[in-house]
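Novice: So here's work-v5.cif (mmCIF, C-alpha atoms).
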```
data_coords
#
loop_
_atom_site.label_atom_id
_atom_site.label_comp_id
_atom_site.auth_asym_id
_atom_site.auth_seq_id
_atom_site.Cartn_x
_atom_site.Cartn_y
_atom_site.Cartn_z
CA MET A 14 87.80 117.40 75.48
CA SER A 15 90.91 119.23 76.49
CA THR A 16 94.05 117.60 75.11
CA SER A 17 96.62 118.50 77.75
CA THR A 18 100.26 117.74 77.18
CA PRO A 19 100.93 116.04 80.57
CA ILE A 20 99.21 112.87 79.37
CA LEU A 21 101.38 112.55 76.28
CA PRO A 22 104.58 110.51 76.52
CA SER A 23 107.90 112.05 75.61
CA THR A 24 108.47 109.24 73.12
CA THR A 25 105.55 110.20 70.82
CA VAL A 26 106.55 110.03 67.17
CA THR A 27 105.85 113.34 65.40
CA PRO A 28 104.35 112.52 62.00
CA PRO A 29 105.45 114.46 58.92
CA PRO A 30 102.89 116.49 56.93
CA ALA A 31 101.98 113.66 54.58
CA GLU A 32 98.80 112.79 52.72
CA PRO A 33 95.86 111.23 54.57
CA SER A 34 96.17 107.57 55.41
CA ALA A 35 94.11 104.76 53.93
CA MET A 36 91.88 104.97 57.02
CA GLY A 37 90.29 108.22 55.87
CA GLY A 38 92.96 110.58 57.13
CA ARG A 39 91.84 110.34 60.80
CA ALA A 40 95.43 109.89 62.00
CA ALA A 41 98.68 110.78 60.32
CA LYS A 42 101.30 108.19 59.47
CA SER A 43 104.62 108.01 61.24
CA SER A 44 107.90 108.07 59.38
CA PHE A 45 107.69 104.26 59.30
CA GLY A 46 104.45 104.38 57.31
CA ALA A 47 102.19 103.23 60.13
CA GLU A 48 99.88 105.26 62.31
CA SER A 49 101.61 106.14 65.59
CA THR A 50 100.27 104.48 68.74
CA MET A 51 99.53 107.77 70.43
CA SER A 52 97.76 109.36 67.45
CA LEU A 53 95.41 106.37 67.24
CA LEU A 54 94.93 106.47 71.01
CA VAL A 55 94.06 110.16 71.14
CA ASP A 56 91.61 109.71 68.26
CA SER A 57 89.86 106.89 70.13
CA LEU A 58 89.34 109.01 73.27
CA LYS A 59 86.59 111.08 71.67
CA ASP A 60 83.82 108.65 72.57
CA ARG A 61 85.12 107.59 75.97
CA LEU A 62 84.75 108.80 79.53
CA LEU A 63 88.15 109.95 80.81
CA PHE A 64 89.03 108.71 84.29
CA ALA A 65 92.19 110.06 86.00
CA VAL A 66 93.95 107.67 88.40
CA PRO A 67 97.21 108.05 90.35
CA LYS A 68 100.24 106.92 88.35
CA LYS A 69 102.47 106.36 91.39
CA GLY A 70 102.69 106.85 95.13
CA ARG A 71 100.65 105.71 98.11
CA LEU A 72 97.29 105.70 96.31
CA MET A 73 98.18 103.83 93.12
CA GLU A 74 98.23 100.22 94.37
CA LYS A 75 94.88 100.45 96.16
CA THR A 76 93.33 102.23 93.18
CA LEU A 77 94.38 99.44 90.83
CA GLU A 78 92.89 96.86 93.24
CA LEU A 79 89.64 98.82 93.23
CA LEU A 80 89.54 98.93 89.44
CA ALA A 81 90.08 95.16 89.29
CA GLY A 82 87.32 94.54 91.84
CA ALA A 83 84.96 96.69 89.78
CA ASP A 84 85.78 94.62 86.66
CA ILE A 85 87.30 97.55 84.80
CA LYS A 86 89.66 95.75 82.42
CA TYR A 87 92.45 97.48 80.55
CA ASN A 88 95.93 97.02 79.11
CA ARG A 89 98.42 99.80 79.67
CA ALA A 90 101.10 99.97 77.01
CA HIS A 91 104.69 100.49 78.14
CA ARG A 92 105.44 104.15 78.97
CA LEU A 93 101.98 105.35 77.93
CA ASP A 94 99.90 107.20 80.51
CA VAL A 95 96.60 106.47 78.77
CA ALA A 96 94.93 103.05 78.74
CA LEU A 97 91.70 102.10 76.97
CA VAL A 98 89.25 100.04 79.03
CA GLN A 99 88.27 96.89 77.16
CA ASN A 100 84.75 96.30 78.49
CA HIS A 101 83.45 99.89 78.79
CA PRO A 102 83.81 103.15 76.81
CA ILE A 103 86.28 104.47 79.39
CA ALA A 104 89.90 105.58 79.14
CA LEU A 105 92.18 105.65 82.18
CA VAL A 106 94.56 108.59 82.36
CA PHE A 107 97.50 108.01 84.71
CA LEU A 108 98.51 111.29 86.38
CA PRO A 109 100.34 112.44 89.50
CA ALA A 110 97.79 112.58 92.34
CA ALA A 111 98.54 116.28 92.87
CA ASP A 112 97.53 117.09 89.26
CA ILE A 113 94.22 115.21 89.29
CA PRO A 114 92.09 117.87 91.07
CA ARG A 115 92.98 120.46 88.41
CA PHE A 116 92.22 118.09 85.50
CA VAL A 117 88.86 117.18 87.07
CA ALA A 118 87.92 120.73 88.07
CA LEU A 119 88.54 122.06 84.57
CA GLY A 120 86.56 119.23 82.97
CA SER A 121 89.56 117.78 81.15
CA VAL A 122 88.66 114.41 82.69
CA ALA A 123 85.25 113.37 84.00
CA LEU A 124 86.35 111.36 87.04
CA GLY A 125 89.39 111.11 89.25
CA ILE A 126 90.79 109.43 92.34
CA THR A 127 93.02 111.43 94.67
CA GLY A 128 93.42 112.42 98.31
CA GLN A 129 91.29 114.98 100.11
CA ASP A 130 94.48 116.71 101.26
CA VAL A 131 95.56 117.14 97.63
CA ILE A 132 92.17 118.61 96.71
CA SER A 133 92.37 121.18 99.50
CA GLU A 134 95.94 122.13 98.59
CA SER A 135 95.06 122.52 94.91
CA THR A 136 92.64 125.45 95.51
CA HIS A 137 90.10 123.75 93.21
CA ALA A 138 87.93 122.30 96.01
CA GLU A 139 84.95 124.55 95.21
CA GLN A 140 84.85 123.20 91.65
CA ILE A 141 84.93 119.55 92.72
CA VAL A 142 82.28 117.13 93.97
CA GLU A 143 83.30 114.18 96.16
CA LEU A 144 81.26 111.19 94.98
CA LEU A 145 82.57 108.48 97.30
CA GLN A 146 85.07 108.08 100.12
CA LEU A 147 87.25 105.07 99.28
CA GLY A 148 88.55 104.07 102.70
CA PHE A 149 92.26 103.93 101.84
CA GLY A 150 95.10 106.42 101.86
CA LYS A 151 93.97 107.59 105.31
CA CYS A 152 96.28 110.11 106.94
CA SER A 153 96.35 113.38 108.87
CA LEU A 154 97.87 116.70 107.89
CA GLN A 155 99.58 117.90 111.04
CA VAL A 156 101.84 120.57 112.47
CA GLN A 157 104.80 118.81 114.05
CA VAL A 158 107.58 120.22 116.23
CA PRO A 159 110.62 118.68 118.00
CA VAL A 160 109.58 116.89 121.19
CA THR A 161 112.39 118.51 123.19
CA GLY A 162 112.22 121.89 121.42
CA PRO A 163 111.34 125.21 123.07
CA ILE A 164 108.20 125.67 120.92
CA GLN A 165 105.22 123.47 121.76
CA THR A 166 102.23 125.56 120.60
CA LEU A 167 100.93 127.06 117.35
CA GLU A 168 101.24 130.52 118.86
CA GLY A 169 104.88 129.83 119.62
CA LEU A 170 105.51 129.15 115.92
CA SER A 171 104.14 132.56 114.88
CA GLY A 172 106.91 134.55 113.22
CA GLY A 173 109.05 131.42 112.84
CA ARG A 174 109.81 129.11 109.95
CA ILE A 175 107.61 126.27 108.68
CA ALA A 176 108.83 123.63 106.22
CA THR A 177 106.16 121.91 104.14
CA SER A 178 105.06 120.69 100.74
CA PHE A 179 101.55 122.01 101.55
CA GLU A 180 102.25 125.69 101.03
CA VAL A 181 98.62 126.72 100.46
CA LEU A 182 97.20 125.07 103.57
CA ALA A 183 100.16 126.05 105.74
CA ALA A 184 99.94 129.68 104.60
CA GLU A 185 96.20 129.71 105.31
CA LEU A 186 96.81 128.34 108.82
CA PHE A 187 99.54 130.81 109.74
CA ASN A 188 99.26 133.82 107.41
CA GLY A 189 95.51 133.85 106.69
CA PRO A 190 93.15 136.57 107.93
CA ASN A 191 92.06 134.30 110.78
CA GLY A 192 95.40 132.52 111.06
CA VAL A 193 97.88 132.06 113.85
CA ASP A 194 99.78 135.26 113.01
CA ALA A 195 96.63 137.38 113.15
CA LYS A 196 95.64 135.94 116.52
CA SER A 197 99.08 136.24 118.13
CA ASN A 198 100.66 139.34 119.59
CA SER A 199 103.66 139.00 117.28
CA ASN A 200 104.07 141.47 114.44
CA LYS A 201 106.25 139.02 112.53
CA LYS A 202 104.92 136.91 109.67
CA THR A 203 105.51 133.16 109.77
CA LYS A 204 107.73 132.14 106.87
CA ILE A 205 106.51 129.15 104.83
CA GLU A 206 109.38 127.25 103.16
CA TYR A 207 108.57 124.71 100.42
CA VAL A 208 110.28 121.32 100.86
CA GLY A 209 109.37 118.61 98.36
CA GLY A 210 110.47 115.56 100.33
CA SER A 211 111.90 114.38 103.67
CA VAL A 212 110.16 117.29 105.36
CA GLU A 213 110.67 115.64 108.76
CA ALA A 214 114.41 116.36 108.53
CA ALA A 215 113.95 120.13 108.27
CA CYS A 216 113.91 120.82 112.02
CA ALA A 217 116.98 118.68 112.74
CA LEU A 218 118.87 120.46 109.96
CA GLY A 219 118.05 123.86 111.44
CA MET A 220 115.99 125.14 108.51
CA ALA A 221 112.62 125.17 110.28
CA ASP A 222 111.03 125.53 113.72
CA GLY A 223 108.17 123.23 112.76
CA ILE A 224 106.73 121.36 109.81
CA VAL A 225 103.34 120.74 108.20
CA ASP A 226 103.19 117.27 106.70
CA LEU A 227 101.08 114.16 106.19
CA VAL A 228 101.20 111.55 108.94
CA GLU A 229 99.94 107.98 108.58
CA SER A 230 101.27 105.77 111.40
CA GLY A 231 103.47 108.49 112.91
CA ASP A 232 106.54 106.23 113.02
CA THR A 233 108.60 108.45 110.72
CA MET A 234 107.86 111.54 112.78
CA ARG A 235 108.68 109.83 116.07
CA ALA A 236 111.96 108.56 114.62
CA ALA A 237 112.81 112.16 113.69
CA GLY A 238 112.07 113.32 117.24
CA LEU A 239 108.84 115.13 116.29
CA HIS A 240 105.30 115.11 117.64
CA ALA A 241 102.01 116.70 116.63
CA ILE A 242 100.68 119.90 118.19
CA HIS A 243 97.84 120.52 115.72
CA THR A 244 95.87 118.62 113.06
CA LEU A 245 94.77 120.65 110.05
CA MET A 246 92.63 117.91 108.49
CA LYS A 247 91.95 114.20 108.15
CA SER A 248 92.27 112.81 104.64
CA GLU A 249 91.57 109.71 102.58
CA ALA A 250 91.25 108.80 98.92
CA VAL A 251 88.03 109.91 97.23
CA LEU A 252 86.28 109.50 93.88
CA ILE A 253 85.67 112.97 92.45
CA THR A 254 84.01 114.71 89.54
CA SER A 255 83.54 118.30 88.43
CA LYS A 256 80.57 120.46 89.41
CA GLU A 257 80.47 121.62 85.80
CA PRO A 258 80.82 118.57 83.50
CA HIS A 259 82.64 119.05 80.23
CA SER A 260 80.42 119.69 77.19
CA THR A 261 81.66 116.50 75.51
CA LEU A 262 80.25 114.33 78.32
CA THR A 263 77.25 112.72 76.55
CA PRO A 264 74.29 111.20 78.45
CA GLU A 265 75.62 107.73 77.65
CA LEU A 266 79.03 108.54 79.10
CA LYS A 267 77.51 110.37 82.06
CA SER A 268 75.64 107.20 83.06
CA LEU A 269 79.01 105.51 83.51
CA ILE A 270 79.78 107.81 86.45
CA HIS A 271 76.95 106.26 88.49
CA LEU A 272 77.95 102.77 87.32
CA ILE A 273 81.55 103.23 88.48
CA LYS A 274 80.45 104.75 91.79
CA SER A 275 78.03 101.86 92.41
CA ARG A 276 80.65 99.23 91.61
CA PHE A 277 83.25 100.89 93.80
CA ALA A 278 80.78 101.11 96.70
CA GLY A 279 80.04 97.39 96.28
CA VAL A 280 83.71 96.43 96.27
CA LEU A 281 84.35 98.49 99.40
CA ALA A 282 81.32 97.04 101.20
CA ALA A 283 82.44 93.49 100.34
CA LYS A 284 85.81 94.21 101.93
CA LYS A 285 84.28 95.78 105.02
CA TYR A 286 81.41 93.36 105.69
CA VAL A 287 80.65 89.64 105.86
CA TYR A 288 77.25 87.97 105.66
CA ALA A 289 75.98 86.44 108.91
CA SER A 290 73.13 83.92 109.09
CA TYR A 291 71.72 82.30 112.24
CA ASN A 292 68.61 80.87 113.85
CA VAL A 293 67.19 82.22 117.11
CA GLU A 294 64.06 81.86 119.21
CA ARG A 295 61.69 84.76 118.71
CA LYS A 296 61.81 85.58 122.43
CA ASN A 297 65.56 86.31 122.01
CA LEU A 298 65.21 88.13 118.67
CA ASP A 299 65.42 91.68 120.01
CA LYS A 300 68.62 90.85 121.87
CA ALA A 301 70.16 89.26 118.77
CA LEU A 302 69.20 92.15 116.49
CA LYS A 303 71.01 94.60 118.76
CA ILE A 304 74.15 92.56 118.05
CA THR A 305 73.52 92.35 114.27
CA PRO A 306 71.48 95.39 113.24
CA GLY A 307 72.78 95.05 109.67
CA ARG A 308 74.12 97.68 107.33
CA ARG A 309 70.59 99.02 106.87
CA ALA A 310 68.45 96.38 108.59
CA ALA A 311 68.52 92.65 109.23
CA THR A 312 66.33 90.17 107.32
CA VAL A 313 64.08 88.07 109.58
CA SER A 314 62.19 85.04 108.25
CA PRO A 315 59.96 82.59 110.21
CA LEU A 316 61.05 78.95 110.45
CA GLU A 317 58.72 75.95 110.34
CA THR A 318 59.72 75.24 113.94
CA GLU A 319 57.28 77.15 116.12
CA GLY A 320 58.74 80.22 117.84
CA TRP A 321 61.99 80.29 115.81
CA VAL A 322 63.20 82.68 113.11
CA ALA A 323 66.14 82.83 110.70
CA VAL A 324 68.14 86.05 110.62
CA SER A 325 70.49 87.30 107.90
CA SER A 326 72.60 90.40 108.34
CA MET A 327 75.76 92.13 107.15
CA VAL A 328 78.28 92.55 109.97
CA GLU A 329 81.66 94.22 109.98
CA ARG A 330 84.47 91.84 109.13
CA LYS A 331 86.79 93.19 111.83
CA GLU A 332 84.17 92.43 114.53
CA VAL A 333 83.06 89.02 113.28
CA ALA A 334 84.57 86.84 116.06
CA LYS A 335 83.15 89.08 118.78
CA THR A 336 79.77 89.15 117.03
CA MET A 337 79.59 85.35 116.88
CA ASP A 338 80.47 85.07 120.58
CA GLU A 339 77.74 87.55 121.55
CA LEU A 340 75.17 85.86 119.31
CA GLU A 341 75.88 82.52 120.93
CA LYS A 342 75.42 84.07 124.39
CA SER A 343 72.09 85.57 123.28
CA GLY A 344 70.74 82.12 122.42
CA ALA A 345 71.38 82.09 118.65
CA GLU A 346 72.22 78.78 117.00
CA ASP A 347 73.55 77.56 113.63
CA ILE A 348 75.61 80.72 113.24
CA LEU A 349 77.22 80.88 109.80
CA ILE A 350 79.53 83.51 108.30
CA PHE A 351 79.96 83.94 104.53
CA ALA A 352 82.61 86.06 102.83
CA LEU A 353 81.40 88.54 100.20
CA ASP A 354 83.17 88.59 96.85
CA ASN A 355 81.19 91.58 95.70
CA CYS A 356 77.84 93.25 96.27
CA ARG A 357 75.64 96.24 95.50
CA VAL A 358 74.64 98.33 98.48
CA GLY A 359 72.62 101.18 96.99
CA ILE A 360 74.04 104.69 96.79
#
```
Mind turning the file's structure into structure tokens?
Specialist:
Amino acid sequence: MSTSTPILPSTTVTPPPAEPSAMGGRAAKSSFGAESTMSLLVDSLKDRLLFAVPKKGRLMEKTLELLAGADIKYNRAHRLDVALVQNHPIALVFLPAADIPRFVALGSVALGITGQDVISESTHAEQIVELLQLGFGKCSLQVQVPVTGPIQTLEGLSGGRIATSFEVLAAELFNGPNGVDAKSNSNKKTKIEYVGGSVEAACALGMADGIVDLVESGDTMRAAGLHAIHTLMKSEAVLITSKEPHSTLTPELKSLIHLIKSRFAGVLAAKKYVYASYNVERKNLDKALKITPGRRAATVSPLETEGWVAVSSMVERKEVAKTMDELEKSGAEDILIFALDNCRVGI
């Protein structure tokens, strides 16, 4: 396992070169005579699967909800960016989302959660495998220009100035061998300016002709007088691992990757679907099944009443009222909807 300094807190006590402790010398004692919290923690990581999760920002809250739904229990000590999971040999490593692709790609951690946009910007995409799309953190990476400005096309931005925090992707779009500059008649190279935050203000302040930035609802961009002229990519949060697992990943720990993926898929399915049950005459079954085809297929069971069947099916939660109305029109009766706390859907 790679012991990278970003996961260590600045408050770590540096132990003096003293004799081994009473616990066999596996961790040095602090100046107060007790083993430091971090030295014990690092020592305990050796037999655990390391799982990098966002420590702040737009992905953190949803990630923590997903961990809770998957029954991954942990206590995170104050100011420590490593937390030991209580009910599995897993350790959570809290990192900035932008750093997670590098840690995963290099095998420093076995799993990670981050955005697809961050993976593409990191240049480590070829070393990373996306295990599961998580359905949150959805956004678009777009080129935006002032609504009333003179430039309204990508070609018009060639040779101009672009403000962005996505320097790699923006440079590829404009300066790449098949980019906007190469396709335009201009001999000038588009200048990519890095801006860490409030990118939408760059045009109004006169420092850029256009921007490349993430857009969720679009409200912020509209308020700044901007609109999209090109979308580079759609993005959402994903569960990732490395194509080349670290040598310390034992078969026992490797099996946890499938377990976590399966649990996450179940939590996501339970949020997306509800369980519908109804009775319908067999002559109307085909019509009803078109309304509730199920996630994979509906379950149909004969009833003791001649010519009737019971149907069970998963239907999308957001369409449940419409589905019940259509089922009733098709002749279905005794229509019941059950919420799903959790499930396993097969992956």
Novice: Check what the PyMOL selection byres ((chain A and resi 197-201) around 8) selects in the file above and give those residues as a PyMOL selection string.
Specialist: chain A and resi 168+171-172+193-196+202-203
Novice: With C-alpha atoms retained, export the selected residues as a PDB file, in the coordinates of the input.
Specialist:
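Listing of part_11.pdb after writing:
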```pdb
ATOM      1  CA  GLU A 168     101.240 130.520 118.860  1.00  0.00           C
ATOM      2  CA  SER A 171     104.140 132.560 114.880  1.00  0.00           C
ATOM      3  CA  GLY A 172     106.910 134.550 113.220  1.00  0.00           C
ATOM      4  CA  VAL A 193      97.880 132.060 113.850  1.00  0.00           C
ATOM      5  CA  ASP A 194      99.780 135.260 113.010  1.00  0.00           C
ATOM      6  CA  ALA A 195      96.630 137.380 113.150  1.00  0.00           C
ATOM      7  CA  LYS A 196      95.640 135.940 116.520  1.00  0.00           C
ATOM      8  CA  LYS A 202     104.920 136.910 109.670  1.00  0.00           C
ATOM      9  CA  THR A 203     105.510 133.160 109.770  1.00  0.00           C
TER      10      THR A 203
END
```
Novice: Near region 286-293 of chain A, counting all atoms listed in the file, which residues have an atom at most 12 Å away, once you skip same-chain residues fewer than 4 positions from it, shown as a PDB file with C-alpha atoms, in the coordinates of the input?
Specialist:
```
ATOM      1  CA  ALA A 278      80.780 101.110  96.700  1.00  0.00           C
ATOM      2  CA  GLY A 279      80.040  97.390  96.280  1.00  0.00           C
ATOM      3  CA  VAL A 280      83.710  96.430  96.270  1.00  0.00           C
ATOM      4  CA  LEU A 281      84.350  98.490  99.400  1.00  0.00           C
ATOM      5  CA  ALA A 282      81.320  97.040 101.200  1.00  0.00           C
ATOM      6  CA  ASN A 297      65.560  86.310 122.010  1.00  0.00           C
ATOM      7  CA  LEU A 298      65.210  88.130 118.670  1.00  0.00           C
ATOM      8  CA  ASP A 299      65.420  91.680 120.010  1.00  0.00           C
ATOM      9  CA  LYS A 300      68.620  90.850 121.870  1.00  0.00           C
ATOM     10  CA  ALA A 301      70.160  89.260 118.770  1.00  0.00           C
ATOM     11  CA  LEU A 302      69.200  92.150 116.490  1.00  0.00           C
ATOM     12  CA  ILE A 304      74.150  92.560 118.050  1.00  0.00           C
ATOM     13  CA  THR A 305      73.520  92.350 114.270  1.00  0.00           C
ATOM     14  CA  PRO A 306      71.480  95.390 113.240  1.00  0.00           C
ATOM     15  CA  GLY A 307      72.780  95.050 109.670  1.00  0.00           C
ATOM     16  CA  ARG A 308      74.120  97.680 107.330  1.00  0.00           C
ATOM     17  CA  ALA A 311      68.520  92.650 109.230  1.00  0.00           C
ATOM     18  CA  THR A 312      66.330  90.170 107.320  1.00  0.00           C
ATOM     19  CA  VAL A 313      64.080  88.070 109.580  1.00  0.00           C
ATOM     20  CA  SER A 314      62.190  85.040 108.250  1.00  0.00           C
ATOM     21  CA  PRO A 315      59.960  82.590 110.210  1.00  0.00           C
ATOM     22  CA  LEU A 316      61.050  78.950 110.450  1.00  0.00           C
ATOM     23  CA  GLU A 317      58.720  75.950 110.340  1.00  0.00           C
ATOM     24  CA  THR A 318      59.720  75.240 113.940  1.00  0.00           C
ATOM     25  CA  GLU A 319      57.280  77.150 116.120  1.00  0.00           C
ATOM     26  CA  GLY A 320      58.740  80.220 117.840  1.00  0.00           C
ATOM     27  CA  TRP A 321      61.990  80.290 115.810  1.00  0.00           C
ATOM     28  CA  VAL A 322      63.200  82.680 113.110  1.00  0.00           C
ATOM     29  CA  ALA A 323      66.140  82.830 110.700  1.00  0.00           C
ATOM     30  CA  VAL A 324      68.140  86.050 110.620  1.00  0.00           C
ATOM     31  CA  SER A 325      70.490  87.300 107.900  1.00  0.00           C
ATOM     32  CA  SER A 326      72.600  90.400 108.340  1.00  0.00           C
ATOM     33  CA  MET A 327      75.760  92.130 107.150  1.00  0.00           C
ATOM     34  CA  VAL A 328      78.280  92.550 109.970  1.00  0.00           C
ATOM     35  CA  GLU A 329      81.660  94.220 109.980  1.00  0.00           C
ATOM     36  CA  ARG A 330      84.470  91.840 109.130  1.00  0.00           C
ATOM     37  CA  LYS A 331      86.790  93.190 111.830  1.00  0.00           C
ATOM     38  CA  GLU A 332      84.170  92.430 114.530  1.00  0.00           C
ATOM     39  CA  VAL A 333      83.060  89.020 113.280  1.00  0.00           C
ATOM     40  CA  ALA A 334      84.570  86.840 116.060  1.00  0.00           C
ATOM     41  CA  THR A 336      79.770  89.150 117.030  1.00  0.00           C
ATOM     42  CA  MET A 337      79.590  85.350 116.880  1.00  0.00           C
ATOM     43  CA  LEU A 340      75.170  85.860 119.310  1.00  0.00           C
ATOM     44  CA  GLU A 341      75.880  82.520 120.930  1.00  0.00           C
ATOM     45  CA  LYS A 342      75.420  84.070 124.390  1.00  0.00           C
ATOM     46  CA  SER A 343      72.090  85.570 123.280  1.00  0.00           C
ATOM     47  CA  GLY A 344      70.740  82.120 122.420  1.00  0.00           C
ATOM     48  CA  ALA A 345      71.380  82.090 118.650  1.00  0.00           C
ATOM     49  CA  GLU A 346      72.220  78.780 117.000  1.00  0.00           C
ATOM     50  CA  ASP A 347      73.550  77.560 113.630  1.00  0.00           C
ATOM     51  CA  ILE A 348      75.610  80.720 113.240  1.00  0.00           C
ATOM     52  CA  LEU A 349      77.220  80.880 109.800  1.00  0.00           C
ATOM     53  CA  ILE A 350      79.530  83.510 108.300  1.00  0.00           C
ATOM     54  CA  PHE A 351      79.960  83.940 104.530  1.00  0.00           C
ATOM     55  CA  ALA A 352      82.610  86.060 102.830  1.00  0.00           C
ATOM     56  CA  LEU A 353      81.400  88.540 100.200  1.00  0.00           C
ATOM     57  CA  ASP A 354      83.170  88.590  96.850  1.00  0.00           C
ATOM     58  CA  ASN A 355      81.190  91.580  95.700  1.00  0.00           C
ATOM     59  CA  CYS A 356      77.840  93.250  96.270  1.00  0.00           C
ATOM     60  CA  VAL A 358      74.640  98.330  98.480  1.00  0.00           C
TER      61      VAL A 358
END
```
Novice: To verify the selection step, state as a ChimeraX atom specification which residues the PyMOL selection byres ((chain A and resi 262-270) around 9) yields on this input.
Specialist: /A:14,60-62,101-103,123-124,254,258-261,271-275
Novice: Counting all atoms listed in the file, which residues sit no farther than 8 Å from the position (106.0, 117.1, 110.1) in the file's frame? I'd like them as a VMD selection string.
Specialist: chain A and resid 155 to 158 177 212 to 213 223 to 228 234 239 to 241
Novice: Determine the residue membership of the PyMOL selection byres ((chain A and resi 100) around 7) for the file above and supply it as a ChimeraX atom specification.
Specialist: /A:85-86,98-99,101
Novice: If you measure from CA of Ile132 (chain A) to CA of Val208 (chain A), what distance in Å do you get, rounded to one decimal?
Specialist: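 Separation of CA of Ile132 (chain A) and CA of Val208 (chain A): 18.8 Å.
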Novice: With distances taken over only C-alpha atoms, which of A:Leu170, A:Leu147, A:Leu63, A:Met246 is nearest to Glu78 (chain A)?
Specialist: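 Closest to Glu78 (chain A), using only C-alpha atoms: A:Leu147.
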Novice: Give me, as a list of chain:residue names, all polymer residues having an atom no more than 12 Å from Gln140 (chain A), counting all atoms listed in the file and skipping those fewer than 4 positions away in the same chain.
Specialist: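 The neighbour list is A:Pro114, A:Arg115, A:Phe116, A:Val117, A:Ala118, A:Leu119, A:Gly120, A:Ile132, A:Ser133, A:Ser135, A:Thr136, A:Ile253, A:Thr254, A:Ser255, A:Lys256, A:Glu257, A:Pro258.
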Novice: What is the CA of Leu58 (chain A) to CA of Ile113 (chain A) distance in Å?
Specialist: 17.9 Å
Novice: Tell me, as a PyMOL selection string, which residues lie within 7 Å of Ala83 (chain A), counting all atoms listed in the file; anything in the same chain fewer than 4 positions away does not count.
Specialist: chain A and resi 79+276-277+280
Novice: How many Å lie between CA of Lys69 (chain A) and CA of Gly210 (chain A), rounded to one decimal?
Specialist: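 Separation between CA of Lys69 (chain A) and CA of Gly210 (chain A): 15.1 Å.
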Novice: Point out the residue among A:Gly189, A:Gly238, A:Tyr207, A:Gln146 with the least atom-to-atom distance to Gly162 (chain A), counting all atoms listed in the file.
Specialist: A:Gly238
Novice: With all atoms listed in the file as the atoms that count, which of A:Ser211, A:Phe107, A:Lys247, A:Thr166 lies nearest to Arg92 (chain A)?
Specialist: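 The closest residue to Arg92 (chain A) is A:Phe107.
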Novice: From the set A:Asp232, A:Asp94, A:Glu206, A:Glu143, which residue has the shortest atom-to-atom contact distance to Gln129 (chain A), counting only C-alpha atoms?
Specialist: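 Nearest candidate to Gln129 (chain A) out of A:Asp232, A:Asp94, A:Glu206, A:Glu143: A:Glu143.
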